[in-house]
Each structure stands twice: as C-alpha cells, then as structure tokens.
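structure37.csv follows; it contains CSV, C-alpha atoms and all ligand atoms.
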chain,number,residue,atom,x,y,z
A,1,MET,CA,3.6,-24.9,6.5
A,2,ILE,CA,2.4,-22.7,3.6
A,3,PRO,CA,3.2,-19.2,4.7
A,4,LEU,CA,1.1,-16.1,4.0
A,5,ILE,CA,4.1,-14.4,2.3
A,6,LYS,CA,7.7,-15.2,1.5
A,7,PRO,CA,10.0,-12.3,0.5
A,8,TYR,CA,11.7,-12.7,-2.9
A,9,ILE,CA,15.3,-13.2,-1.6
A,10,THR,CA,17.4,-14.9,-4.3
A,11,ASP,CA,21.2,-15.4,-4.7
A,12,GLU,CA,21.1,-12.3,-6.9
A,13,VAL,CA,19.6,-10.2,-4.1
A,14,LYS,CA,22.1,-11.5,-1.6
A,15,LYS,CA,25.0,-10.8,-4.0
A,16,LYS,CA,23.9,-7.2,-4.5
A,17,VAL,CA,23.5,-6.7,-0.7
A,18,LEU,CA,27.0,-8.2,-0.2
A,19,GLU,CA,28.4,-5.9,-2.8
A,20,VAL,CA,27.0,-2.9,-0.9
A,21,LEU,CA,28.3,-4.2,2.4
A,22,GLU,CA,31.8,-4.7,1.0
A,23,SER,CA,31.7,-1.2,-0.6
A,24,GLY,CA,31.5,0.2,2.9
A,25,TYR,CA,28.9,2.7,1.7
A,26,LEU,CA,26.0,1.8,4.0
A,27,THR,CA,24.0,5.0,4.3
A,28,GLU,CA,21.9,6.4,1.5
A,29,GLY,CA,24.0,6.4,-1.6
A,30,PRO,CA,24.3,5.4,-5.3
A,31,VAL,CA,22.2,2.2,-4.9
A,32,THR,CA,19.4,4.1,-3.3
A,33,LYS,CA,19.5,6.6,-6.2
A,34,GLU,CA,19.4,3.7,-8.7
A,35,PHE,CA,16.4,2.2,-6.8
A,36,GLU,CA,14.6,5.6,-6.9
A,37,GLU,CA,15.3,5.9,-10.6
A,38,LYS,CA,13.9,2.4,-11.3
A,39,VAL,CA,10.7,3.1,-9.4
A,40,ARG,CA,10.4,6.6,-11.0
A,41,ASP,CA,10.7,5.2,-14.5
A,42,TYR,CA,8.5,2.2,-13.8
A,43,VAL,CA,5.6,4.4,-12.6
A,44,GLY,CA,6.3,7.2,-15.0
A,45,ALA,CA,6.4,10.0,-12.4
A,46,ARG,CA,8.9,13.0,-12.5
A,47,HIS,CA,10.2,12.3,-9.0
A,48,ALA,CA,10.7,9.3,-6.8
A,49,ILE,CA,12.0,10.0,-3.3
A,50,SER,CA,12.9,7.0,-1.1
A,51,VAL,CA,12.1,7.1,2.6
A,52,THR,CA,12.3,4.8,5.7
A,53,SER,CA,8.7,3.6,5.4
A,54,CYS,CA,5.3,4.4,3.8
A,55,THR,CA,4.3,6.0,7.0
A,56,THR,CA,7.1,8.5,7.1
A,57,GLY,CA,6.6,9.1,3.4
A,58,LEU,CA,2.9,10.0,3.9
A,59,GLU,CA,3.9,12.3,6.8
A,60,LEU,CA,6.4,14.0,4.5
A,61,ALA,CA,3.7,14.3,1.7
A,62,LEU,CA,1.3,16.0,4.1
A,63,ARG,CA,4.0,18.4,5.3
A,64,ALA,CA,5.0,19.2,1.8
A,65,CYS,CA,1.5,20.3,1.0
A,66,ASN,CA,1.5,22.4,4.2
A,67,ILE,CA,-1.3,20.5,5.8
A,68,GLY,CA,-1.5,20.9,9.5
A,69,LYS,CA,-3.6,22.4,12.3
A,70,GLY,CA,-7.1,23.3,11.3
A,71,ASP,CA,-7.1,21.2,8.2
A,72,GLU,CA,-9.2,18.1,7.6
A,73,VAL,CA,-8.0,15.2,5.5
A,74,ILE,CA,-10.5,12.5,4.5
A,75,CYS,CA,-9.4,8.9,4.6
A,76,PRO,CA,-11.2,5.5,4.5
A,77,ASP,CA,-12.1,3.5,7.7
A,78,PHE,CA,-10.9,0.2,6.4
A,79,THR,CA,-7.1,0.6,6.3
A,80,TYR,CA,-4.0,0.1,8.3
A,81,PRO,CA,-3.8,2.7,11.1
A,82,ALA,CA,-0.8,4.4,9.6
A,83,THR,CA,-3.1,6.2,7.1
A,84,ALA,CA,-4.9,8.1,9.8
A,85,ASP,CA,-1.9,8.3,12.2
A,86,VAL,CA,0.1,10.5,9.9
A,87,ILE,CA,-2.8,13.0,9.5
A,88,LYS,CA,-2.8,13.3,13.3
A,89,ILE,CA,1.0,13.4,13.5
A,90,VAL,CA,1.1,16.6,11.3
A,91,GLY,CA,-1.6,18.2,13.5
A,92,ALA,CA,-4.5,17.9,11.1
A,93,THR,CA,-7.8,16.1,11.7
A,94,PRO,CA,-8.5,12.7,10.1
A,95,VAL,CA,-12.1,12.6,8.7
A,96,ILE,CA,-12.9,8.9,8.5
A,97,VAL,CA,-15.5,7.6,6.0
A,98,ASP,CA,-16.9,4.2,5.0
A,99,ILE,CA,-15.7,2.0,2.1
A,100,ASP,CA,-17.5,0.3,-0.7
A,101,PRO,CA,-17.6,-3.3,0.5
A,102,ARG,CA,-17.4,-4.6,-3.0
A,103,THR,CA,-14.0,-3.2,-3.7
A,104,MET,CA,-12.9,-2.4,-0.1
A,105,LEU,CA,-11.9,1.1,-1.3
A,106,ILE,CA,-13.1,4.5,-0.1
A,107,ASP,CA,-16.8,5.0,-0.8
A,108,ILE,CA,-17.2,7.9,-3.2
A,109,ASP,CA,-20.6,9.1,-1.9
A,110,SER,CA,-19.4,9.0,1.7
A,111,LEU,CA,-16.3,10.9,0.7
A,112,LYS,CA,-18.3,13.6,-1.0
A,113,ARG,CA,-20.6,14.0,2.0
A,114,ALA,CA,-17.6,14.5,4.3
A,115,ILE,CA,-16.1,17.5,2.4
A,116,THR,CA,-16.3,20.8,4.4
A,117,SER,CA,-14.6,24.2,4.0
A,118,ASN,CA,-11.8,22.8,6.1
A,119,THR,CA,-11.1,19.9,3.9
A,120,LYS,CA,-7.6,20.3,2.4
A,121,ALA,CA,-6.8,16.9,1.0
A,122,ILE,CA,-8.1,13.3,0.5
A,123,MET,CA,-6.0,10.3,1.4
A,124,PRO,CA,-7.6,7.4,-0.4
A,125,VAL,CA,-5.9,3.9,-0.2
A,126,SER,CA,-5.4,1.6,-3.1
A,127,LEU,CA,-5.8,-1.3,-0.8
A,128,PHE,CA,-4.4,-4.8,-1.4
A,129,GLY,CA,-3.3,-3.7,-4.9
A,130,ASN,CA,-6.7,-2.7,-6.2
A,131,PRO,CA,-6.4,0.7,-7.9
A,132,LEU,CA,-8.7,3.6,-7.0
A,133,ASP,CA,-11.5,4.9,-9.3
A,134,TRP,CA,-9.5,7.9,-10.6
A,135,ASP,CA,-12.3,9.2,-12.9
A,136,ALA,CA,-14.5,9.6,-9.7
A,137,LEU,CA,-11.6,11.1,-7.7
A,138,TYR,CA,-10.5,13.6,-10.4
A,139,ALA,CA,-14.1,14.8,-10.6
A,140,ILE,CA,-14.1,15.5,-6.8
A,141,LYS,CA,-10.7,17.1,-7.0
A,142,ASP,CA,-11.8,19.4,-9.7
A,143,GLU,CA,-15.1,20.3,-8.1
A,144,TYR,CA,-13.6,21.0,-4.6
A,145,ASP,CA,-10.0,21.9,-5.4
A,146,LEU,CA,-8.5,19.3,-3.2
A,147,ILE,CA,-5.1,17.7,-3.1
A,148,ILE,CA,-5.0,13.9,-3.4
A,149,ILE,CA,-2.3,12.0,-1.5
A,150,GLU,CA,-2.6,8.3,-2.2
A,151,ASP,CA,-1.7,5.8,0.4
A,152,ALA,CA,-0.4,3.3,-2.2
A,153,ALA,CA,1.4,1.2,0.4
A,154,CYS,CA,0.1,-2.0,-1.3
A,155,SER,CA,-0.2,-1.1,-4.9
A,156,ILE,CA,3.1,-1.0,-6.8
A,157,GLY,CA,2.4,-2.6,-10.2
A,158,ALA,CA,-1.4,-1.8,-10.2
A,159,ARG,CA,-2.8,0.4,-13.0
A,160,TYR,CA,-5.9,2.4,-13.7
A,161,LYS,CA,-6.9,2.6,-17.4
A,162,ASP,CA,-3.3,1.6,-18.2
A,163,LYS,CA,-1.8,4.3,-16.1
A,164,PRO,CA,0.5,3.0,-13.3
A,165,VAL,CA,-0.3,3.7,-9.7
A,166,GLY,CA,2.3,6.3,-8.7
A,167,SER,CA,1.5,8.5,-11.6
A,168,LEU,CA,-2.1,9.2,-10.9
A,169,ALA,CA,-2.3,11.1,-7.6
A,170,ASP,CA,-0.7,14.5,-6.7
A,171,ILE,CA,1.5,12.4,-4.4
A,172,SER,CA,1.6,8.6,-4.0
A,173,VAL,CA,3.5,6.7,-1.4
A,174,PHE,CA,4.5,3.0,-1.6
A,175,SER,CA,5.6,0.7,1.2
A,176,PHE,CA,8.4,-1.9,1.0
A,177,HIS,CA,7.5,-3.7,4.2
A,178,PRO,CA,7.9,-7.5,3.8
A,179,ARG,CA,4.2,-8.0,3.3
A,180,LYS,CA,4.7,-6.2,0.0
A,181,PHE,CA,6.1,-8.1,-3.0
A,182,ILE,CA,8.8,-5.5,-3.6
A,183,THR,CA,10.4,-5.3,-0.2
A,184,THR,CA,13.4,-3.7,1.4
A,185,GLY,CA,12.6,-5.0,4.9
A,186,GLU,CA,11.4,-1.6,5.9
A,187,GLY,CA,11.2,1.3,3.4
A,188,GLY,CA,9.0,3.4,1.3
A,189,MET,CA,8.9,5.6,-1.9
A,190,ILE,CA,7.1,8.8,-2.7
A,191,THR,CA,6.3,9.7,-6.3
A,192,THR,CA,5.0,13.0,-7.6
A,193,ASN,CA,5.1,15.2,-10.7
A,194,ASN,CA,5.3,18.4,-8.6
A,195,ASP,CA,8.9,19.8,-8.6
A,196,GLU,CA,8.3,22.2,-5.7
A,197,TRP,CA,6.9,19.5,-3.3
A,198,ALA,CA,9.6,17.0,-4.5
A,199,ASN,CA,12.4,19.5,-3.7
A,200,TRP,CA,10.9,20.3,-0.3
A,201,MET,CA,10.6,16.6,0.6
A,202,GLU,CA,14.1,15.9,-0.6
A,203,SER,CA,15.4,18.6,1.7
A,204,TYR,CA,13.2,17.8,4.7
A,205,LYS,CA,14.3,14.1,4.7
A,206,HIS,CA,18.0,15.3,4.6
A,207,PHE,CA,17.8,17.3,7.8
A,208,GLY,CA,16.5,20.4,6.0
A,209,MET,CA,19.6,20.6,3.8
A,210,ASP,CA,19.5,22.9,0.8
A,211,ILE,CA,19.5,20.3,-2.0
A,212,ASN,CA,21.5,22.5,-4.3
A,213,SER,CA,24.3,22.6,-1.7
A,214,LYS,CA,24.6,18.8,-1.4
A,215,GLY,CA,28.1,17.7,-2.1
A,216,SER,CA,29.7,21.0,-1.2
A,217,LEU,CA,29.5,22.5,2.3
A,218,PRO,CA,25.8,22.1,3.0
A,219,ARG,CA,23.5,24.8,4.0
A,220,PHE,CA,20.4,24.1,6.1
A,221,LYS,CA,17.4,26.1,5.0
A,222,ILE,CA,14.6,24.5,6.9
A,223,ILE,CA,14.2,22.4,10.0
A,224,GLY,CA,14.2,18.8,8.8
A,225,THR,CA,14.6,15.2,9.8
A,226,ASN,CA,16.3,12.0,8.7
A,227,TYR,CA,14.1,9.6,6.6
A,228,LYS,CA,16.9,8.3,4.4
A,229,LEU,CA,16.8,4.8,3.0
A,230,SER,CA,20.1,3.0,3.2
A,231,ASN,CA,22.1,1.6,0.3
A,232,VAL,CA,21.9,-1.8,1.9
A,233,LEU,CA,18.1,-1.9,2.0
A,234,ALA,CA,17.8,-0.3,-1.5
A,235,ALA,CA,20.0,-3.1,-2.9
A,236,ILE,CA,17.3,-5.6,-2.0
A,237,GLY,CA,14.6,-3.5,-3.6
A,238,LEU,CA,16.7,-2.7,-6.7
A,239,VAL,CA,17.1,-6.3,-7.7
A,240,GLN,CA,13.4,-7.0,-7.2
A,241,MET,CA,12.4,-3.9,-9.2
A,242,GLN,CA,14.6,-5.2,-12.1
A,243,LYS,CA,12.3,-8.2,-12.1
A,244,ILE,CA,9.0,-6.6,-11.3
A,245,ASP,CA,7.3,-7.6,-14.6
A,246,GLU,CA,8.1,-11.3,-13.9
A,247,LEU,CA,7.1,-11.0,-10.2
A,248,LEU,CA,3.8,-9.3,-11.1
A,249,GLU,CA,2.9,-11.7,-13.9
A,250,LYS,CA,3.5,-14.7,-11.5
A,251,ARG,CA,1.4,-13.0,-8.8
A,252,ARG,CA,-1.5,-12.3,-11.1
A,253,SER,CA,-1.4,-15.8,-12.5
A,254,LEU,CA,-1.6,-17.2,-8.9
A,255,ALA,CA,-4.5,-14.8,-8.1
A,256,LEU,CA,-6.4,-15.7,-11.3
A,257,ASN,CA,-5.9,-19.4,-10.5
A,258,TYR,CA,-7.3,-18.9,-7.0
A,259,ILE,CA,-10.3,-17.2,-8.4
A,260,GLN,CA,-10.9,-20.1,-10.8
A,261,LEU,CA,-10.5,-22.7,-8.0
A,262,LEU,CA,-12.7,-20.8,-5.6
A,263,GLN,CA,-15.7,-20.7,-8.0
A,264,GLU,CA,-16.5,-24.1,-6.6
A,265,ILE,CA,-17.2,-22.8,-3.1
A,266,ASP,CA,-20.6,-21.1,-2.8
A,267,GLU,CA,-19.9,-19.6,0.7
A,268,ILE,CA,-16.9,-17.6,-0.7
A,269,LYS,CA,-17.2,-14.2,-2.3
A,270,ILE,CA,-14.5,-12.6,-4.3
A,271,PRO,CA,-14.0,-8.8,-3.9
A,272,GLU,CA,-14.5,-6.7,-7.1
A,273,VAL,CA,-11.6,-5.1,-9.1
A,274,THR,CA,-12.2,-1.4,-9.7
A,275,GLN,CA,-13.7,-0.9,-13.2
A,276,GLY,CA,-10.9,-0.1,-15.6
A,277,GLY,CA,-8.4,-1.3,-13.0
A,278,PHE,CA,-5.5,-3.8,-13.2
A,279,HIS,CA,-5.1,-5.4,-9.7
A,280,SER,CA,-1.6,-6.2,-8.6
A,281,TYR,CA,-2.9,-8.7,-5.9
A,282,GLN,CA,-0.4,-7.5,-3.3
A,283,SER,CA,-2.7,-9.5,-1.0
A,284,PHE,CA,-5.2,-12.1,-2.3
A,285,CYS,CA,-8.4,-11.5,-0.3
A,286,ILE,CA,-11.8,-13.2,-0.2
A,287,PHE,CA,-14.9,-12.8,1.9
A,288,ALA,CA,-15.7,-15.8,4.1
A,289,PRO,CA,-18.2,-16.6,6.8
A,290,ASN,CA,-16.8,-17.5,10.3
A,291,ARG,CA,-13.5,-15.9,9.2
A,292,ASP,CA,-11.7,-16.0,12.5
A,293,GLU,CA,-12.5,-19.7,13.0
A,294,ILE,CA,-11.3,-20.4,9.4
A,295,ILE,CA,-8.0,-18.7,10.1
A,296,LYS,CA,-7.5,-20.8,13.2
A,297,LYS,CA,-8.4,-24.0,11.4
A,298,LEU,CA,-6.3,-23.3,8.3
A,299,LYS,CA,-3.3,-22.9,10.7
A,300,GLU,CA,-4.0,-26.2,12.2
A,301,GLN,CA,-3.9,-27.7,8.7
A,302,GLY,CA,-0.5,-26.1,8.0
A,303,MET,CA,-1.3,-22.9,6.2
A,304,GLU,CA,-1.2,-19.3,7.3
A,305,ALA,CA,-4.0,-16.9,6.6
A,306,GLN,CA,-4.8,-13.4,7.9
A,307,ILE,CA,-7.5,-10.8,8.4
A,308,GLY,CA,-7.7,-8.1,5.7
A,309,THR,CA,-6.9,-5.0,7.7
A,310,PHE,CA,-8.5,-2.9,10.4
A,311,ALA,CA,-11.7,-0.8,10.9
A,312,LEU,CA,-10.3,2.4,12.4
A,313,HIS,CA,-13.6,3.5,14.0
A,314,LEU,CA,-13.4,0.4,16.2
A,315,GLU,CA,-9.9,1.2,17.5
A,316,PRO,CA,-9.5,3.4,20.7
A,317,ALA,CA,-6.8,5.5,19.0
A,318,PHE,CA,-9.4,6.8,16.5
A,319,ASN,CA,-12.7,6.7,18.3
A,320,SER,CA,-11.8,8.6,21.4
A,321,GLY,CA,-12.4,12.1,20.0
A,322,THR,CA,-9.2,12.3,18.1
A,323,CYS,CA,-10.9,12.0,14.6
A,324,ILE,CA,-14.1,12.9,12.9
A,325,LEU,CA,-16.0,9.7,12.2
A,326,LYS,CA,-18.4,10.5,9.4
A,327,GLY,CA,-21.6,8.5,8.7
A,328,HIS,CA,-22.0,4.8,9.2
A,329,PHE,CA,-19.4,2.1,8.6
A,330,ASN,CA,-21.4,-0.8,7.3
A,331,GLY,CA,-19.0,-1.5,4.5
A,332,SER,CA,-15.9,-1.4,6.6
A,333,GLU,CA,-17.5,-3.6,9.3
A,334,TYR,CA,-18.4,-6.1,6.7
A,335,ALA,CA,-14.8,-6.2,5.4
A,336,TYR,CA,-13.3,-6.2,8.9
A,337,LYS,CA,-15.4,-9.2,9.8
A,338,HIS,CA,-15.2,-11.2,6.6
A,339,CYS,CA,-12.1,-10.3,4.6
A,340,LEU,CA,-9.6,-13.2,4.6
A,341,THR,CA,-6.2,-13.0,3.1
A,342,LEU,CA,-4.8,-16.3,1.6
A,343,PRO,CA,-1.2,-17.2,1.1
A,344,ILE,CA,0.4,-15.8,-2.1
A,345,PHE,CA,4.1,-15.6,-2.9
A,346,TYR,CA,6.5,-16.0,-5.8
A,347,ASP,CA,7.3,-19.7,-5.6
A,348,MET,CA,3.8,-20.8,-4.5
A,349,THR,CA,2.8,-23.8,-6.6
A,350,MET,CA,-0.6,-24.7,-8.1
A,351,GLU,CA,-0.5,-27.7,-5.8
A,352,ASP,CA,-0.2,-25.4,-2.8
A,353,GLN,CA,-3.1,-23.4,-4.0
A,354,LYS,CA,-5.3,-26.5,-4.6
A,355,TYR,CA,-4.4,-27.6,-1.1
A,356,VAL,CA,-5.5,-24.3,0.4
A,357,VAL,CA,-8.8,-24.2,-1.6
A,358,GLU,CA,-9.6,-27.9,-0.8
A,359,THR,CA,-9.0,-27.3,2.9
A,360,LEU,CA,-11.2,-24.2,2.8
A,361,LYS,CA,-13.9,-26.2,1.0
A,362,ILE,CA,-13.9,-28.9,3.7
A,363,LEU,CA,-13.8,-26.4,6.6
A,364,LEU,CA,-16.7,-24.4,5.2
A,365,SER,CA,-18.8,-27.5,4.5
A,366,ASN,CA,-18.3,-28.6,8.2
A,367,ASN,CA,-19.3,-25.2,9.4
A,401,LIG,C1,-2.7,0.7,3.7
A,401,LIG,C2,-1.4,0.8,4.4
A,401,LIG,N1,-0.9,2.1,4.6
A,401,LIG,C3,0.3,2.2,5.3
A,401,LIG,C4,1.0,1.2,5.7
A,401,LIG,C5,2.3,1.4,6.5
A,401,LIG,O1,3.4,1.1,5.7
A,401,LIG,P1,4.9,1.0,6.3
A,401,LIG,O2,5.0,-0.2,7.2
A,401,LIG,O3,5.8,1.0,5.2
A,401,LIG,O4,5.0,2.3,7.1
A,401,LIG,C6,0.6,-0.1,5.5
A,401,LIG,C7,1.4,-1.3,6.0
A,401,LIG,O5,1.1,-2.4,5.8
A,401,LIG,C8,-0.6,-0.3,4.8
A,401,LIG,O6,-1.1,-1.5,4.5
Please lay out the structure from this file as structure tokens.
Amino acid sequence: MIPLIKPYITDEVKKKVLEVLESGYLTEGPVTKEFEEKVRDYVGARHAISVTSCTTGLELALRACNIGKGDEVICPDFTYPATADVIKIVGATPVIVDIDPRTMLIDIDSLKRAITSNTKAIMPVSLFGNPLDWDALYAIKDEYDLIIIEDAACSIGARYKDKPVGSLADISVFSFHPRKFITTGEGGMITTNNDEWANWMESYKHFGMDINSKGSLPRFKIIGTNYKLSNVLAAIGLVQMQKIDELLEKRRSLALNYIQLLQEIDEIKIPEVTQGGFHSYQSFCIFAPNRDEIIKKLKEQGMEAQIGTFALHLEPAFNSGTCILKGHFNGSEYAYKHCLTLPIFYDMTMEDQKYVVETLKILLSNN
C-alpha cells in the first residue's frame, strides 16, 4: 500500500523523544522552548508561541486581537472547518467567501465585496502549502485597516517573494498534525512580530499567568487556559525542524516530478501556484474528473488518495444561520468536487510516483 502520508520518524527522532522521557520533564519545558526558537528563526518572526494545535492557536490569535461579539471575520469557504470554528468560538461571526479555483485560495474580489463596517479581521488560508497573494492582501489591509490572521496550518516552508510564511501576516498559525510534514502528533505554533499580542498569548496559554512572574511565585493577571505543548511532542518537531531544508527539498522534488509525469494525462489539471510564491507542497493536489470514483479505485490498486478539503457552505454547522455566507461558491464547489490529493512523503520513490500516475492514467482512460 502506498500511503497518503508517512510521518518522518527516524531513529534520531526516537532518540530525542527517549531522552525527554528519561529526563522526567514531560510538560512544556526546555525542548519546547528550543522548538519555538527554531521555528521563530526559520520564519524570521519576533515571536513563536507553541500551542496544542493550530485550532487553539487561531483561537488565541483572535482573542489577542480582542475579536469577539459583534465583529465579523472573513474566511474562505474551501478550508478545514477549524478556520471558521474558531471565529465562532470567540463569539464573532464568520463571513465566508469563495475561493479562486485556480489556486484554491481566498478570492480577492469576493473578499473585498464582503467587507463591512463590522469587519475586524481577515483569516485567509495558505492552503496545501500555496502561499497567499500578499501584495493584494496588504492593499486591502491598508485600505480598510484590518488585521490579518493567517491560517497557515499547511504552509510551513512556503514563501511569498522570498519571505517565509509566518513572517507575512499580523499573526500566522501553523499546524503540526500528522498530515503536515513537520509533525508533533498534535501541536501548533503561532508567529507574530507584535510584542503586545505575543505577551498576552503567552500569558493566556499559561492559565493567565503574568509572564514576568514565571519562575518565582506566579501572579495571575487574566483568566486564561492551558494550551501548552509538551516537551515530549516538541522533541519530535525539533528534530524535524533541524532537517526542514532537506525535507522541503525532497518534497518539492517529488511534487515537481509528479507535475512532469502528469503532463501526459489530458483529463488532469494542476492547480496554479500563487504568482511570486514558493509552494511547500504540504499536500500534492490535482483536479480530476470523477474524483470520488478515482479515490475508490486507487485504493483497490493499493494506493491511498484523499479529497482536498471541505466546502463550508455545504456543511450544516456553517449553513444553518451561524455564519454569513457571502456571494456564490462556484470556485469552492469546483475544488470540493474535483480536488484530489495524491500520496507524498519523504521516502516516496520515483517508482512509487510512476505507479500512481500510471494507475491514474489507466483509470481515467477507462472512465
Ligand atoms: C486549513 C486548516 N486549518 C486548520 C486546521 C486544524 O489544524 P489542527 O489539527 O492542528 O488544529 C487544519 C488541519 O488539517 C487545516 O487544514
């Protein structure tokens, strides 16, 4: 079976985890700090704050910006539900707009049309590792004075005009779920250049502790919660971050090889990379006819494939009056129906890739 993903778990990773287990220091600790520093330096942000997931990180980001009841936050329709969930969780209203079907990223015109006097922030998603069009987003930010919180769940390693994702938005949040190529099992990381928000988030995730009192007898200044990432999980991510250049290079070479091989199949369309963008190919996606049938048949032939992600306006949680659905969703419906994610992982071979593409070719010609 060729799996969709395979986490990068080497002897080195196991050794580091064992070291932590033997140290007895299992909660957030020095390894978590090292992991944060590694991500911070890699993306070139002033702060990196680890959390239990991208979802809790996005919630923290919204709270830090004081976004809540009465505020609208615009997000794309084609995304994992977590993007809109967190807007609702903090009491604000998700305003859901269409995507550009070529890139599968938020459609800039739809985004502009959705802005009202209640709009406080935008939460675009750099989906599958394709970076956002920051020139367009900065123009909107300047014109309407909005905060940009990027759902960067899938896009560590991606860049826009040579600037790393994680240094471009007011706040970005990464996921380390096992579908991501840097994974801690479950986990997330917030990056920002804003000292005030960073301090508030650091405190909030530590039960509201005054961060200047950490180490001595703590004082609790605000009501907070516990979103700490343990030393054990951070150890997995730390070793992977030390190898991120190699992991990314391998990933991109697999993706570029897929693109080359897929040229032969007329029925397949390849999504576009954002102009000026460097895609990290967190997921390798294509557009295919009869997508669901293809997924089923690929599985029968010994390889795992998946849909891209969800169209929120089709889900009861988001279309039952809980959110504002703005405009049409033609782009999102196209992606929801046709986006197909193919296997991609570190030790995938060219032979594996050829087998996937050859099987696709046969299946499509029989369609
Ligand atoms: C676009 C997007 N946002 C948010 C999430 C949630 O991430 P996590 O599982 O780390 O909470 C995911 C997870 O796959 C995602 O793809």
Pull the neighbourhood of (-2.2, 0.5, 1.0) for me: all residues within 12 Å in file coordinates, counting only C-alpha atoms, as a ChimeraX atom specification.
-> /A:54-55,58,75-76,78-84,104-106,123-132,149-156,158,165,172-177,179-180,188,280-283,308-310
Residues within 8 Å of range 133-136 of chain A, please, as a PDB file with C-alpha atoms, keeping the file's coordinate frame. Count all atoms listed in the file; anything in the same chain fewer than 5 positions from it doesn't count.
ATOM      1  CA  ILE A 108     -17.200   7.900  -3.200  1.00  0.00           C
ATOM      2  CA  TYR A 160      -5.900   2.400 -13.700  1.00  0.00           C
ATOM      3  CA  LEU A 168      -2.100   9.200 -10.900  1.00  0.00           C
ATOM      4  CA  THR A 274     -12.200  -1.400  -9.700  1.00  0.00           C
ATOM      5  CA  GLN A 275     -13.700  -0.900 -13.200  1.00  0.00           C
ATOM      6  CA  GLY A 277      -8.400  -1.300 -13.000  1.00  0.00           C
TER       7      GLY A 277
END
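One distance worth recording is that between CA of Ile268 in chain A and CA of Phe329 in chain A, which is 21.9 Å.
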Given all atoms listed in the file as the counted atoms, nearest of A:Tyr346, A:Tyr8, A:Tyr227, A:Phe284 to Val239 in chain A | A:Tyr8
Hey, what's within 9 Å of Lys141 in chain A if we count all atoms listed in the file and toss same-chain stuff fewer than 5 positions away? As a PyMOL selection string, please?
-> chain A and resi 121-122+136+146-148
For range 250-264 of chain A of the structure just presented, write N, CA, C and O atoms to a file, as a PDB file, in the first residue's frame.
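selection.pdb was written with the following content:
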ATOM      1  N   LYS A 250      13.183  17.622  -0.687  1.00  0.00           N
ATOM      2  CA  LYS A 250      12.708  16.312  -1.152  1.00  0.00           C
ATOM      3  C   LYS A 250      11.245  16.411  -1.594  1.00  0.00           C
ATOM      4  O   LYS A 250      10.844  15.891  -2.637  1.00  0.00           O
ATOM      5  N   ARG A 251      10.474  17.112  -0.769  1.00  0.00           N
ATOM      6  CA  ARG A 251       9.046  17.260  -1.053  1.00  0.00           C
ATOM      7  C   ARG A 251       8.802  17.978  -2.374  1.00  0.00           C
ATOM      8  O   ARG A 251       7.983  17.589  -3.182  1.00  0.00           O
ATOM      9  N   ARG A 252       9.558  19.042  -2.564  1.00  0.00           N
ATOM     10  CA  ARG A 252       9.384  19.812  -3.801  1.00  0.00           C
ATOM     11  C   ARG A 252       9.842  19.001  -5.010  1.00  0.00           C
ATOM     12  O   ARG A 252       9.249  19.071  -6.066  1.00  0.00           O
ATOM     13  N   SER A 253      10.881  18.217  -4.828  1.00  0.00           N
ATOM     14  CA  SER A 253      11.330  17.451  -5.992  1.00  0.00           C
ATOM     15  C   SER A 253      10.300  16.374  -6.337  1.00  0.00           C
ATOM     16  O   SER A 253      10.055  16.092  -7.518  1.00  0.00           O
ATOM     17  N   LEU A 254       9.644  15.796  -5.328  1.00  0.00           N
ATOM     18  CA  LEU A 254       8.570  14.824  -5.596  1.00  0.00           C
ATOM     19  C   LEU A 254       7.408  15.520  -6.311  1.00  0.00           C
ATOM     20  O   LEU A 254       6.853  15.000  -7.283  1.00  0.00           O
ATOM     21  N   ALA A 255       7.069  16.718  -5.842  1.00  0.00           N
ATOM     22  CA  ALA A 255       5.937  17.448  -6.438  1.00  0.00           C
ATOM     23  C   ALA A 255       6.244  17.809  -7.894  1.00  0.00           C
ATOM     24  O   ALA A 255       5.404  17.621  -8.779  1.00  0.00           O
ATOM     25  N   LEU A 256       7.459  18.278  -8.134  1.00  0.00           N
ATOM     26  CA  LEU A 256       7.810  18.676  -9.500  1.00  0.00           C
ATOM     27  C   LEU A 256       7.854  17.455 -10.422  1.00  0.00           C
ATOM     28  O   LEU A 256       7.474  17.530 -11.586  1.00  0.00           O
ATOM     29  N   ASN A 257       8.272  16.339  -9.861  1.00  0.00           N
ATOM     30  CA  ASN A 257       8.266  15.099 -10.641  1.00  0.00           C
ATOM     31  C   ASN A 257       6.841  14.664 -10.994  1.00  0.00           C
ATOM     32  O   ASN A 257       6.565  14.263 -12.133  1.00  0.00           O
ATOM     33  N   TYR A 258       5.927  14.762 -10.022  1.00  0.00           N
ATOM     34  CA  TYR A 258       4.509  14.475 -10.288  1.00  0.00           C
ATOM     35  C   TYR A 258       4.006  15.358 -11.439  1.00  0.00           C
ATOM     36  O   TYR A 258       3.340  14.881 -12.356  1.00  0.00           O
ATOM     37  N   ILE A 259       4.322  16.653 -11.354  1.00  0.00           N
ATOM     38  CA  ILE A 259       3.810  17.601 -12.360  1.00  0.00           C
ATOM     39  C   ILE A 259       4.286  17.173 -13.753  1.00  0.00           C
ATOM     40  O   ILE A 259       3.530  17.144 -14.716  1.00  0.00           O
ATOM     41  N   GLN A 260       5.555  16.795 -13.808  1.00  0.00           N
ATOM     42  CA  GLN A 260       6.139  16.322 -15.068  1.00  0.00           C
ATOM     43  C   GLN A 260       5.396  15.089 -15.584  1.00  0.00           C
ATOM     44  O   GLN A 260       4.967  15.040 -16.735  1.00  0.00           O
ATOM     45  N   LEU A 261       5.234  14.102 -14.710  1.00  0.00           N
ATOM     46  CA  LEU A 261       4.600  12.837 -15.117  1.00  0.00           C
ATOM     47  C   LEU A 261       3.138  13.037 -15.519  1.00  0.00           C
ATOM     48  O   LEU A 261       2.642  12.387 -16.431  1.00  0.00           O
ATOM     49  N   LEU A 262       2.473  13.966 -14.823  1.00  0.00           N
ATOM     50  CA  LEU A 262       1.030  14.153 -15.069  1.00  0.00           C
ATOM     51  C   LEU A 262       0.722  14.906 -16.361  1.00  0.00           C
ATOM     52  O   LEU A 262      -0.421  14.939 -16.798  1.00  0.00           O
ATOM     53  N   GLN A 263       1.777  15.496 -16.950  1.00  0.00           N
ATOM     54  CA  GLN A 263       1.570  16.216 -18.226  1.00  0.00           C
ATOM     55  C   GLN A 263       0.928  15.312 -19.276  1.00  0.00           C
ATOM     56  O   GLN A 263       0.222  15.761 -20.164  1.00  0.00           O
ATOM     57  N   GLU A 264       1.205  14.023 -19.133  1.00  0.00           N
ATOM     58  CA  GLU A 264       0.714  13.059 -20.140  1.00  0.00           C
ATOM     59  C   GLU A 264      -0.787  12.815 -20.064  1.00  0.00           C
ATOM     60  O   GLU A 264      -1.353  12.200 -20.951  1.00  0.00           O
TER      61      GLU A 264
END
